[in-house]
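Asks: My structure file start09.cif, mmCIF, C-alpha atoms and all ligand atoms, is below:
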data_data
loop_
_atom_site.group_PDB
_atom_site.id
_atom_site.type_symbol
_atom_site.label_atom_id
_atom_site.label_comp_id
_atom_site.auth_asym_id
_atom_site.auth_seq_id
_atom_site.Cartn_x
_atom_site.Cartn_y
_atom_site.Cartn_z
ATOM 1 C CA MET A 1 -26.295 123.428 -217.077
ATOM 2 C CA ALA A 2 -29.968 122.893 -217.990
ATOM 3 C CA HIS A 3 -30.409 126.652 -218.246
ATOM 4 C CA HIS A 4 -27.406 126.937 -220.522
ATOM 5 C CA LEU A 5 -28.685 124.102 -222.721
ATOM 6 C CA LEU A 6 -32.109 125.668 -223.023
ATOM 7 C CA LEU A 7 -30.657 129.049 -223.929
ATOM 8 C CA HIS A 8 -28.311 127.485 -226.437
ATOM 9 C CA TYR A 9 -31.097 125.451 -227.990
ATOM 10 C CA LYS A 10 -33.472 128.384 -228.140
ATOM 11 C CA GLU A 11 -30.836 130.646 -229.628
ATOM 12 C CA GLU A 12 -30.033 128.145 -232.325
ATOM 13 C CA SER A 13 -33.648 127.412 -233.112
ATOM 14 C CA PHE A 14 -34.846 130.997 -233.096
ATOM 15 C CA TYR A 15 -34.763 131.063 -236.893
ATOM 16 C CA TYR A 16 -33.863 127.518 -237.860
ATOM 17 C CA ILE A 17 -31.877 124.502 -236.781
ATOM 18 C CA LYS A 18 -28.581 124.458 -238.642
ATOM 19 C CA ALA A 19 -27.595 121.609 -240.932
ATOM 20 C CA ARG A 20 -24.277 120.521 -239.444
ATOM 21 C CA GLU A 21 -22.017 118.726 -241.872
ATOM 22 C CA SER A 22 -20.733 116.067 -239.434
ATOM 23 C CA LEU A 23 -24.250 115.097 -238.333
ATOM 24 C CA LEU A 24 -25.591 114.932 -241.901
ATOM 25 C CA GLU A 25 -22.668 112.650 -242.676
ATOM 26 C CA GLN A 26 -23.474 110.353 -239.735
ATOM 27 C CA VAL A 27 -27.115 109.996 -240.805
ATOM 28 C CA THR A 28 -26.219 109.027 -244.378
ATOM 29 C CA THR A 29 -23.270 106.812 -243.427
ATOM 30 C CA TYR A 30 -24.929 104.742 -240.704
ATOM 31 C CA GLY A 31 -28.380 104.937 -242.241
ATOM 32 C CA ALA A 32 -27.325 103.938 -245.779
ATOM 33 C CA GLU A 33 -28.832 100.436 -245.785
ATOM 34 C CA ILE A 34 -32.191 101.718 -244.526
ATOM 35 C CA LEU A 35 -32.241 104.964 -246.514
ATOM 36 C CA CYS A 36 -31.715 103.123 -249.808
ATOM 37 C CA SER A 37 -34.279 100.359 -249.125
ATOM 38 C CA ALA A 38 -37.581 100.159 -250.998
ATOM 39 C CA GLY A 39 -39.480 99.941 -247.715
ATOM 40 C CA PHE A 40 -38.028 103.142 -246.319
ATOM 41 C CA GLN A 41 -38.416 104.980 -249.626
ATOM 42 C CA SER A 42 -42.107 103.971 -249.655
ATOM 43 C CA GLU A 43 -42.552 106.141 -246.537
ATOM 44 C CA ARG A 44 -42.632 109.102 -248.941
ATOM 45 C CA ASN A 45 -46.216 107.997 -249.721
ATOM 46 C CA PHE A 46 -47.454 108.037 -246.142
ATOM 47 C CA MET A 47 -48.413 111.302 -244.472
ATOM 48 C CA GLN A 48 -47.333 111.830 -240.871
ATOM 49 C CA HIS A 49 -47.865 115.292 -239.322
ATOM 50 C CA GLY A 50 -49.322 118.260 -241.204
ATOM 51 C CA ILE A 51 -47.881 118.148 -244.727
ATOM 52 C CA THR A 52 -44.844 116.076 -243.693
ATOM 53 C CA ASN A 53 -44.554 112.467 -244.824
ATOM 54 C CA CYS A 54 -43.029 109.636 -242.786
ATOM 55 C CA TYR A 55 -39.809 109.661 -244.858
ATOM 56 C CA THR A 56 -39.140 113.343 -244.147
ATOM 57 C CA HIS A 57 -40.183 112.998 -240.516
ATOM 58 C CA SER A 58 -37.855 110.030 -239.978
ATOM 59 C CA ILE A 59 -34.715 111.566 -241.515
ATOM 60 C CA CYS A 60 -35.442 114.663 -239.473
ATOM 61 C CA VAL A 61 -35.737 112.656 -236.236
ATOM 62 C CA ALA A 62 -32.422 110.881 -236.937
ATOM 63 C CA TYR A 63 -30.647 114.237 -237.383
ATOM 64 C CA VAL A 64 -32.267 115.929 -234.383
ATOM 65 C CA ALA A 65 -31.518 112.900 -232.160
ATOM 66 C CA LEU A 66 -27.813 113.248 -233.004
ATOM 67 C CA ARG A 67 -28.041 116.959 -232.223
ATOM 68 C CA TRP A 68 -29.713 116.276 -228.872
ATOM 69 C CA ALA A 69 -27.018 113.704 -228.047
ATOM 70 C CA GLN A 70 -24.400 116.348 -228.866
ATOM 71 C CA LEU A 71 -26.131 119.056 -226.792
ATOM 72 C CA LEU A 72 -26.550 116.685 -223.833
ATOM 73 C CA ASN A 73 -22.984 115.487 -224.231
ATOM 74 C CA ALA A 74 -24.305 111.909 -224.203
ATOM 75 C CA LYS A 75 -22.001 109.134 -225.360
ATOM 76 C CA VAL A 76 -24.324 107.159 -227.595
ATOM 77 C CA ASP A 77 -24.103 104.231 -229.970
ATOM 78 C CA VAL A 78 -24.359 106.457 -233.052
ATOM 79 C CA PRO A 79 -25.103 103.765 -235.683
ATOM 80 C CA SER A 80 -27.880 102.272 -233.526
ATOM 81 C CA LEU A 81 -29.329 105.711 -232.741
ATOM 82 C CA VAL A 82 -29.457 106.617 -236.441
ATOM 83 C CA ARG A 83 -30.927 103.270 -237.523
ATOM 84 C CA GLY A 84 -33.484 103.126 -234.715
ATOM 85 C CA CYS A 85 -34.616 106.688 -235.456
ATOM 86 C CA LEU A 86 -34.964 106.021 -239.174
ATOM 87 C CA LEU A 87 -37.157 102.996 -238.422
ATOM 88 C CA HIS A 88 -39.153 104.351 -235.475
ATOM 89 C CA ASP A 89 -42.268 105.058 -237.591
ATOM 90 C CA TYR A 90 -41.791 102.186 -240.060
ATOM 91 C CA PHE A 91 -45.457 101.188 -239.823
ATOM 92 C CA LEU A 92 -45.883 101.635 -243.607
ATOM 93 C CA TYR A 93 -49.426 102.908 -243.933
ATOM 94 C CA ASP A 94 -51.174 106.266 -243.943
ATOM 95 C CA TRP A 95 -52.602 106.509 -240.432
ATOM 96 C CA HIS A 96 -55.251 108.961 -241.668
ATOM 97 C CA ASP A 97 -56.736 106.090 -243.691
ATOM 98 C CA LYS A 98 -58.835 104.248 -241.112
ATOM 99 C CA GLU A 99 -59.160 101.173 -243.381
ATOM 100 C CA LYS A 100 -55.395 100.655 -243.501
ATOM 101 C CA ALA A 101 -54.236 102.014 -240.143
ATOM 102 C CA ALA A 102 -53.727 99.779 -237.104
ATOM 103 C CA ASN A 103 -56.419 99.980 -234.433
ATOM 104 C CA HIS A 104 -55.520 102.673 -231.918
ATOM 105 C CA HIS A 105 -52.653 103.869 -234.104
ATOM 106 C CA THR A 106 -51.084 106.080 -231.402
ATOM 107 C CA ILE A 107 -50.643 103.168 -229.030
ATOM 108 C CA ASN A 108 -50.015 100.367 -231.488
ATOM 109 C CA HIS A 109 -47.870 101.861 -234.261
ATOM 110 C CA PRO A 110 -44.551 101.273 -232.446
ATOM 111 C CA LYS A 111 -45.345 97.534 -232.360
ATOM 112 C CA VAL A 112 -46.262 97.503 -236.069
ATOM 113 C CA ALA A 113 -43.113 99.492 -236.913
ATOM 114 C CA LEU A 114 -40.963 97.050 -234.946
ATOM 115 C CA ALA A 115 -42.523 93.979 -236.616
ATOM 116 C CA ASN A 116 -41.945 95.501 -240.080
ATOM 117 C CA ALA A 117 -38.387 96.533 -239.184
ATOM 118 C CA GLU A 118 -37.578 93.024 -237.848
ATOM 119 C CA ARG A 119 -38.874 91.566 -241.114
ATOM 120 C CA ASP A 120 -36.791 93.872 -243.342
ATOM 121 C CA PHE A 121 -33.586 94.508 -241.349
ATOM 122 C CA LYS A 122 -31.319 92.856 -238.792
ATOM 123 C CA LEU A 123 -31.796 94.838 -235.583
ATOM 124 C CA ASN A 124 -29.906 94.992 -232.297
ATOM 125 C CA ASP A 125 -31.451 95.515 -228.840
ATOM 126 C CA ILE A 126 -30.922 99.296 -228.812
ATOM 127 C CA GLU A 127 -32.595 99.695 -232.195
ATOM 128 C CA ARG A 128 -35.541 97.550 -231.043
ATOM 129 C CA ASP A 129 -35.917 99.582 -227.851
ATOM 130 C CA ILE A 130 -35.813 102.896 -229.755
ATOM 131 C CA ILE A 131 -38.604 101.791 -232.111
ATOM 132 C CA ARG A 132 -40.774 100.150 -229.465
ATOM 133 C CA LYS A 133 -40.577 102.944 -226.869
ATOM 134 C CA HIS A 134 -40.284 106.185 -228.877
ATOM 135 C CA MET A 135 -43.786 107.307 -227.855
ATOM 136 C CA PHE A 136 -42.920 107.574 -224.147
ATOM 137 C CA PRO A 137 -44.420 109.259 -222.095
ATOM 138 C CA LEU A 138 -47.594 109.183 -224.211
ATOM 139 C CA CYS A 139 -47.277 105.388 -224.253
ATOM 140 C CA PHE A 140 -45.436 102.908 -222.072
ATOM 141 C CA PRO A 141 -43.138 101.002 -221.445
ATOM 142 C CA PHE A 142 -40.208 103.094 -220.195
ATOM 143 C CA PRO A 143 -37.208 103.427 -222.517
ATOM 144 C CA LYS A 144 -34.309 101.210 -221.447
ATOM 145 C CA TYR A 145 -31.324 102.817 -223.195
ATOM 146 C CA LYS A 146 -30.168 106.449 -223.355
ATOM 147 C CA GLU A 147 -30.574 106.263 -227.145
ATOM 148 C CA SER A 148 -34.291 105.491 -226.581
ATOM 149 C CA TRP A 149 -34.645 108.449 -224.197
ATOM 150 C CA ILE A 150 -33.031 110.706 -226.777
ATOM 151 C CA ILE A 151 -35.509 109.733 -229.496
ATOM 152 C CA THR A 152 -38.381 110.684 -227.184
ATOM 153 C CA LEU A 153 -36.936 114.229 -227.280
ATOM 154 C CA ALA A 154 -36.102 114.208 -230.990
ATOM 155 C CA ASP A 155 -39.470 112.821 -232.107
ATOM 156 C CA LYS A 156 -41.323 115.505 -230.165
ATOM 157 C CA THR A 157 -38.961 118.253 -231.378
ATOM 158 C CA CYS A 158 -39.686 117.285 -234.985
ATOM 159 C CA ALA A 159 -43.431 116.831 -234.429
ATOM 160 C CA ALA A 160 -43.622 120.324 -232.894
ATOM 161 C CA SER A 161 -41.819 121.722 -235.934
ATOM 162 C CA GLU A 162 -44.159 119.871 -238.314
ATOM 163 C CA ILE A 163 -47.430 120.653 -236.538
ATOM 164 C CA TRP A 164 -46.901 124.077 -234.980
ATOM 165 C CA HIS A 165 -43.917 125.388 -237.014
ATOM 166 C CA LEU A 166 -42.141 126.357 -233.804
ATOM 167 C CA TRP A 167 -38.831 126.269 -235.689
ATOM 168 C CA SER A 168 -37.682 125.339 -239.130
ATOM 169 C CA LEU A 169 -35.883 122.152 -240.037
ATOM 170 C CA GLU A 170 -36.240 122.764 -243.760
ATOM 171 C CA ASN A 171 -32.557 123.276 -244.433
ATOM 172 C CA VAL A 172 -31.709 120.047 -242.561
ATOM 173 C CA ILE A 173 -34.324 118.136 -244.551
ATOM 174 C CA ALA A 174 -33.204 119.607 -247.884
ATOM 175 C CA ALA A 175 -29.535 118.848 -247.175
ATOM 176 C CA LEU A 176 -30.309 115.261 -246.154
ATOM 177 C CA ASP A 177 -32.680 114.637 -249.027
ATOM 178 C CA ARG A 178 -30.095 115.840 -251.575
ATOM 179 C CA ARG A 179 -27.530 113.421 -250.174
ATOM 180 C CA ILE A 180 -29.985 110.526 -250.051
ATOM 181 C CA GLN A 181 -31.131 111.105 -253.646
ATOM 182 C CA ALA A 182 -27.482 110.931 -254.719
ATOM 183 C CA MET A 183 -27.129 107.527 -252.978
ATOM 184 C CA LEU A 184 -30.098 105.902 -254.756
HETATM 185 FE FE FE B 1 -44.307 107.344 -233.848
HETATM 186 FE FE FE B 2 -42.217 109.885 -235.070
#
Take the structure in the file and write it out as structure tokens.
Ligand SMILES: [Fe+2]
Ligand SMILES: [Fe+2]
Replies:
Amino acid sequence: MAHHLLLHYKEESFYYIKARESLLEQVTTYGAEILCSAGFQSERNFMQHGITNCYTHSICVAYVALRWAQLLNAKVDVPSLVRGCLLHDYFLYDWHDKEKAANHHTINHPKVALANAERDFKLNDIERDIIRKHMFPLCFPFPKYKESWIITLADKTCAASEIWHLWSLENVIAALDRRIQAML
């Protein structure tokens, strides 16, 4: 099973990860409130990995988390997974700017993201857990829900694409961005 999954994933990602219509639809449907908010849109101004900003990184993580859930055949709370992923790096500063970044950004940004998300949106327990624990195993505590475990995979998949260009998510990002622009 694991072998099959790995092969399947590698095969798909050899050139690029496909933009699947049904998953794009889920991101924009369940993420609409967040995607259209001023706070989330401001993430376009904050750099994350390489030349990727937090906005692009976050929509990418939401999509890839849904794809991981599909590959793992995991029955997940789709709206909570999408919303939690979109808000997982909602810390709202450029972490390269030492004046504005939280102390020990790597460890503390999930707490800052959660505080900002609580202020701007009404969250449920799964969404809170996704945001707070997405850095596992680099940071503790352990994820509580399967949706939080899935983001640990998705976040690292996207970071590897952004930093090392191991595979391309450009078509996913372009397809999502087009849809989001049309919603604004
Ligand atoms: Fe993060
Ligand atoms: Fe992230």
Asks: Would you list the residues that come within 8 Å of ligand FE 2 (chain B)? Count only C-alpha atoms and all ligand atoms and give the answer as a list in words.
Replies: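 Those residues are Gln48, Cys54, His57, Ser58, Val61, His88, Asp89, His134, Met135, Asp155, Lys156, Cys158 and Ala159 of chain A.
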Asks: I need the residue nearest A:Arg128 from this list: A:Ile163, A:Tyr93, A:His105, A:Leu86. Use all atoms listed in the file for the distance.
Replies: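 Closest candidate: A:Leu86.
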Asks: Starting from the PyMOL selection byres (((chain A and resi 110-125) around 9) and not hetatm), expand the selection into actual residues of this file and give them as a VMD selection string.
Replies: chain A and resid 33 to 34 39 80 83 to 84 87 to 92 102 105 to 109 126 to 135
Asks: I need the residue nearest ligand FE 1 (chain B) from this list: A:Asp177, A:Ile150, A:Pro143, A:Cys85. Use only C-alpha atoms and all ligand atoms for the distance.
Replies: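 Using only C-alpha atoms and all ligand atoms, the shortest distance to ligand FE 1 (chain B) belongs to A:Cys85.
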Asks: Which residue, A:His96, A:Lys144, A:Arg67, A:Arg179, has the smallest gap to A:Gly31 when you use all atoms listed in the file?
Replies: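 Looking only at the distances to A:Gly31, the closest residue turns out to be A:Arg179.
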Asks: Do a neighbour search on A:Ala174 at 12 Å with only C-alpha atoms, toss out local chain neighbours closer than 6 positions, and write the hits as a list of chain:residue names.
Replies: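 The residues satisfying every condition are A:Lys18, A:Ala19, A:Leu24, A:Thr56, A:Ile59, A:Cys60, A:Ser168, A:Ile180, A:Gln181.
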Asks: Hey, can you check how far atom CA of A:Glu170 sits from atom CA of A:Glu43?
Replies: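 Separation between atom CA of A:Glu170 and atom CA of A:Glu43: 18.0 Å.
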Asks: So the first atom is atom CA of A:Ala69 and the second is atom CA of A:Val172; what is the distance between them in Å, to one decimal place?
Replies: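 Interatomic distance here is 16.5 Å.
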Asks: A:Leu71, A:Ala154, A:Leu66, A:Ile17: which is nearest ligand FE 1 (chain B), counting all atoms listed in the file?
Replies: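 Closest candidate: A:Ala154.
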Asks: With distances taken over all atoms listed in the file, which residue among A:His49, A:Lys146, A:Leu81, A:Asp97 lies nearest ligand FE 1 (chain B)?
Replies: A:His49
Asks: Please measure the separation of atom CA of A:Thr28 and atom CA of A:Lys75, giving the value in Å to one decimal.
Replies: 19.5 Å
Asks: Which of these residues is nearest to ligand FE 1 (chain B), using all atoms listed in the file: A:Trp95, A:Tyr30, A:Tyr145, A:Trp68?
Replies: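 Smallest distance to ligand FE 1 (chain B) is found for A:Trp95.
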Asks: I want to know what sits within 9 Å of A:Thr157, based on only C-alpha atoms, with residues of the same chain fewer than 5 positions away left out; could you give that as JSON, numbers by chain?
Replies: {"A": [61, 64, 152, 162]}
Asks: Tell me which protein, DNA and RNA residues are within 12 Å of A:Arg20, counting all atoms listed in the file, leaving out same-chain ones fewer than 6 positions away, and put them as a list in words.
Replies: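 Near neighbours after the sequence-gap exclusion: Glu12, Gln26, Val27, Tyr63, Val64, Leu66, Arg67, Gln70, Leu169, Asn171, Val172, Ile173, Ala175 and Leu176 of chain A.
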Asks: When you get a chance, write out N, CA and C atoms for stretch 79-106 of chain A, as an mmCIF file, keeping the file's coordinate frame.
Replies:
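Result written to part-v5.cif:
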data_model
loop_
_atom_site.group_PDB
_atom_site.id
_atom_site.type_symbol
_atom_site.label_atom_id
_atom_site.label_comp_id
_atom_site.auth_asym_id
_atom_site.auth_seq_id
_atom_site.Cartn_x
_atom_site.Cartn_y
_atom_site.Cartn_z
ATOM 1 N N PRO A 79 -24.423 104.539 -234.622
ATOM 2 C CA PRO A 79 -25.103 103.765 -235.683
ATOM 3 C C PRO A 79 -26.479 103.264 -235.235
ATOM 4 N N SER A 80 -26.587 102.785 -234.000
ATOM 5 C CA SER A 80 -27.880 102.272 -233.526
ATOM 6 C C SER A 80 -28.889 103.408 -233.369
ATOM 7 N N LEU A 81 -28.417 104.572 -232.902
ATOM 8 C CA LEU A 81 -29.329 105.711 -232.741
ATOM 9 C C LEU A 81 -29.883 106.130 -234.112
ATOM 10 N N VAL A 82 -29.015 106.217 -235.092
ATOM 11 C CA VAL A 82 -29.457 106.617 -236.441
ATOM 12 C C VAL A 82 -30.441 105.587 -237.005
ATOM 13 N N ARG A 83 -30.081 104.313 -236.926
ATOM 14 C CA ARG A 83 -30.927 103.270 -237.523
ATOM 15 C C ARG A 83 -32.274 103.164 -236.799
ATOM 16 N N GLY A 84 -32.240 103.208 -235.484
ATOM 17 C CA GLY A 84 -33.484 103.126 -234.715
ATOM 18 C C GLY A 84 -34.400 104.303 -235.041
ATOM 19 N N CYS A 85 -33.812 105.492 -235.136
ATOM 20 C CA CYS A 85 -34.616 106.688 -235.456
ATOM 21 C C CYS A 85 -35.225 106.568 -236.842
ATOM 22 N N LEU A 86 -34.433 106.123 -237.807
ATOM 23 C CA LEU A 86 -34.964 106.021 -239.174
ATOM 24 C C LEU A 86 -36.144 105.052 -239.229
ATOM 25 N N LEU A 87 -36.109 104.031 -238.360
ATOM 26 C CA LEU A 87 -37.157 102.996 -238.422
ATOM 27 C C LEU A 87 -38.272 103.188 -237.389
ATOM 28 N N HIS A 88 -38.227 104.269 -236.610
ATOM 29 C CA HIS A 88 -39.153 104.351 -235.475
ATOM 30 C C HIS A 88 -40.625 104.436 -235.901
ATOM 31 N N ASP A 89 -40.877 104.991 -237.092
ATOM 32 C CA ASP A 89 -42.268 105.058 -237.591
ATOM 33 C C ASP A 89 -42.420 104.231 -238.869
ATOM 34 N N TYR A 90 -41.795 103.061 -238.878
ATOM 35 C CA TYR A 90 -41.791 102.186 -240.060
ATOM 36 C C TYR A 90 -43.061 101.323 -240.084
ATOM 37 N N PHE A 91 -44.193 101.965 -239.859
ATOM 38 C CA PHE A 91 -45.457 101.188 -239.823
ATOM 39 C C PHE A 91 -46.035 101.004 -241.221
ATOM 40 N N LEU A 92 -45.590 101.835 -242.183
ATOM 41 C CA LEU A 92 -45.883 101.635 -243.607
ATOM 42 C C LEU A 92 -47.357 101.676 -243.990
ATOM 43 N N TYR A 93 -48.072 102.617 -243.456
ATOM 44 C CA TYR A 93 -49.426 102.908 -243.933
ATOM 45 C C TYR A 93 -49.701 104.387 -243.649
ATOM 46 N N ASP A 94 -50.767 104.898 -244.249
ATOM 47 C CA ASP A 94 -51.174 106.266 -243.943
ATOM 48 C C ASP A 94 -52.155 106.188 -242.783
ATOM 49 N N TRP A 95 -51.762 106.688 -241.624
ATOM 50 C CA TRP A 95 -52.602 106.509 -240.432
ATOM 51 C C TRP A 95 -53.892 107.315 -240.502
ATOM 52 N N HIS A 96 -53.992 108.226 -241.502
ATOM 53 C CA HIS A 96 -55.251 108.961 -241.668
ATOM 54 C C HIS A 96 -56.297 108.088 -242.353
ATOM 55 N N ASP A 97 -55.844 107.008 -242.991
ATOM 56 C CA ASP A 97 -56.736 106.090 -243.691
ATOM 57 C C ASP A 97 -57.176 104.999 -242.713
ATOM 58 N N LYS A 98 -58.384 105.139 -242.192
ATOM 59 C CA LYS A 98 -58.835 104.248 -241.112
ATOM 60 C C LYS A 98 -58.920 102.778 -241.562
ATOM 61 N N GLU A 99 -59.094 102.552 -242.858
ATOM 62 C CA GLU A 99 -59.160 101.173 -243.381
ATOM 63 C C GLU A 99 -57.802 100.475 -243.230
ATOM 64 N N LYS A 100 -56.733 101.258 -243.463
ATOM 65 C CA LYS A 100 -55.395 100.655 -243.501
ATOM 66 C C LYS A 100 -54.636 100.784 -242.184
ATOM 67 N N ALA A 101 -54.985 101.768 -241.379
ATOM 68 C CA ALA A 101 -54.236 102.014 -240.143
ATOM 69 C C ALA A 101 -54.512 100.934 -239.097
ATOM 70 N N ALA A 102 -53.536 100.718 -238.218
ATOM 71 C CA ALA A 102 -53.727 99.779 -237.104
ATOM 72 C C ALA A 102 -54.769 100.374 -236.163
ATOM 73 N N ASN A 103 -55.494 99.499 -235.461
ATOM 74 C CA ASN A 103 -56.419 99.980 -234.433
ATOM 75 C C ASN A 103 -55.623 100.756 -233.400
ATOM 76 N N HIS A 104 -56.205 101.848 -232.913
ATOM 77 C CA HIS A 104 -55.520 102.673 -231.918
ATOM 78 C C HIS A 104 -54.073 102.954 -232.349
ATOM 79 N N HIS A 105 -53.970 103.609 -233.490
ATOM 80 C CA HIS A 105 -52.653 103.869 -234.104
ATOM 81 C C HIS A 105 -51.630 104.432 -233.108
ATOM 82 N N THR A 106 -52.043 105.426 -232.311
ATOM 83 C CA THR A 106 -51.084 106.080 -231.402
ATOM 84 C C THR A 106 -50.405 105.064 -230.494
#
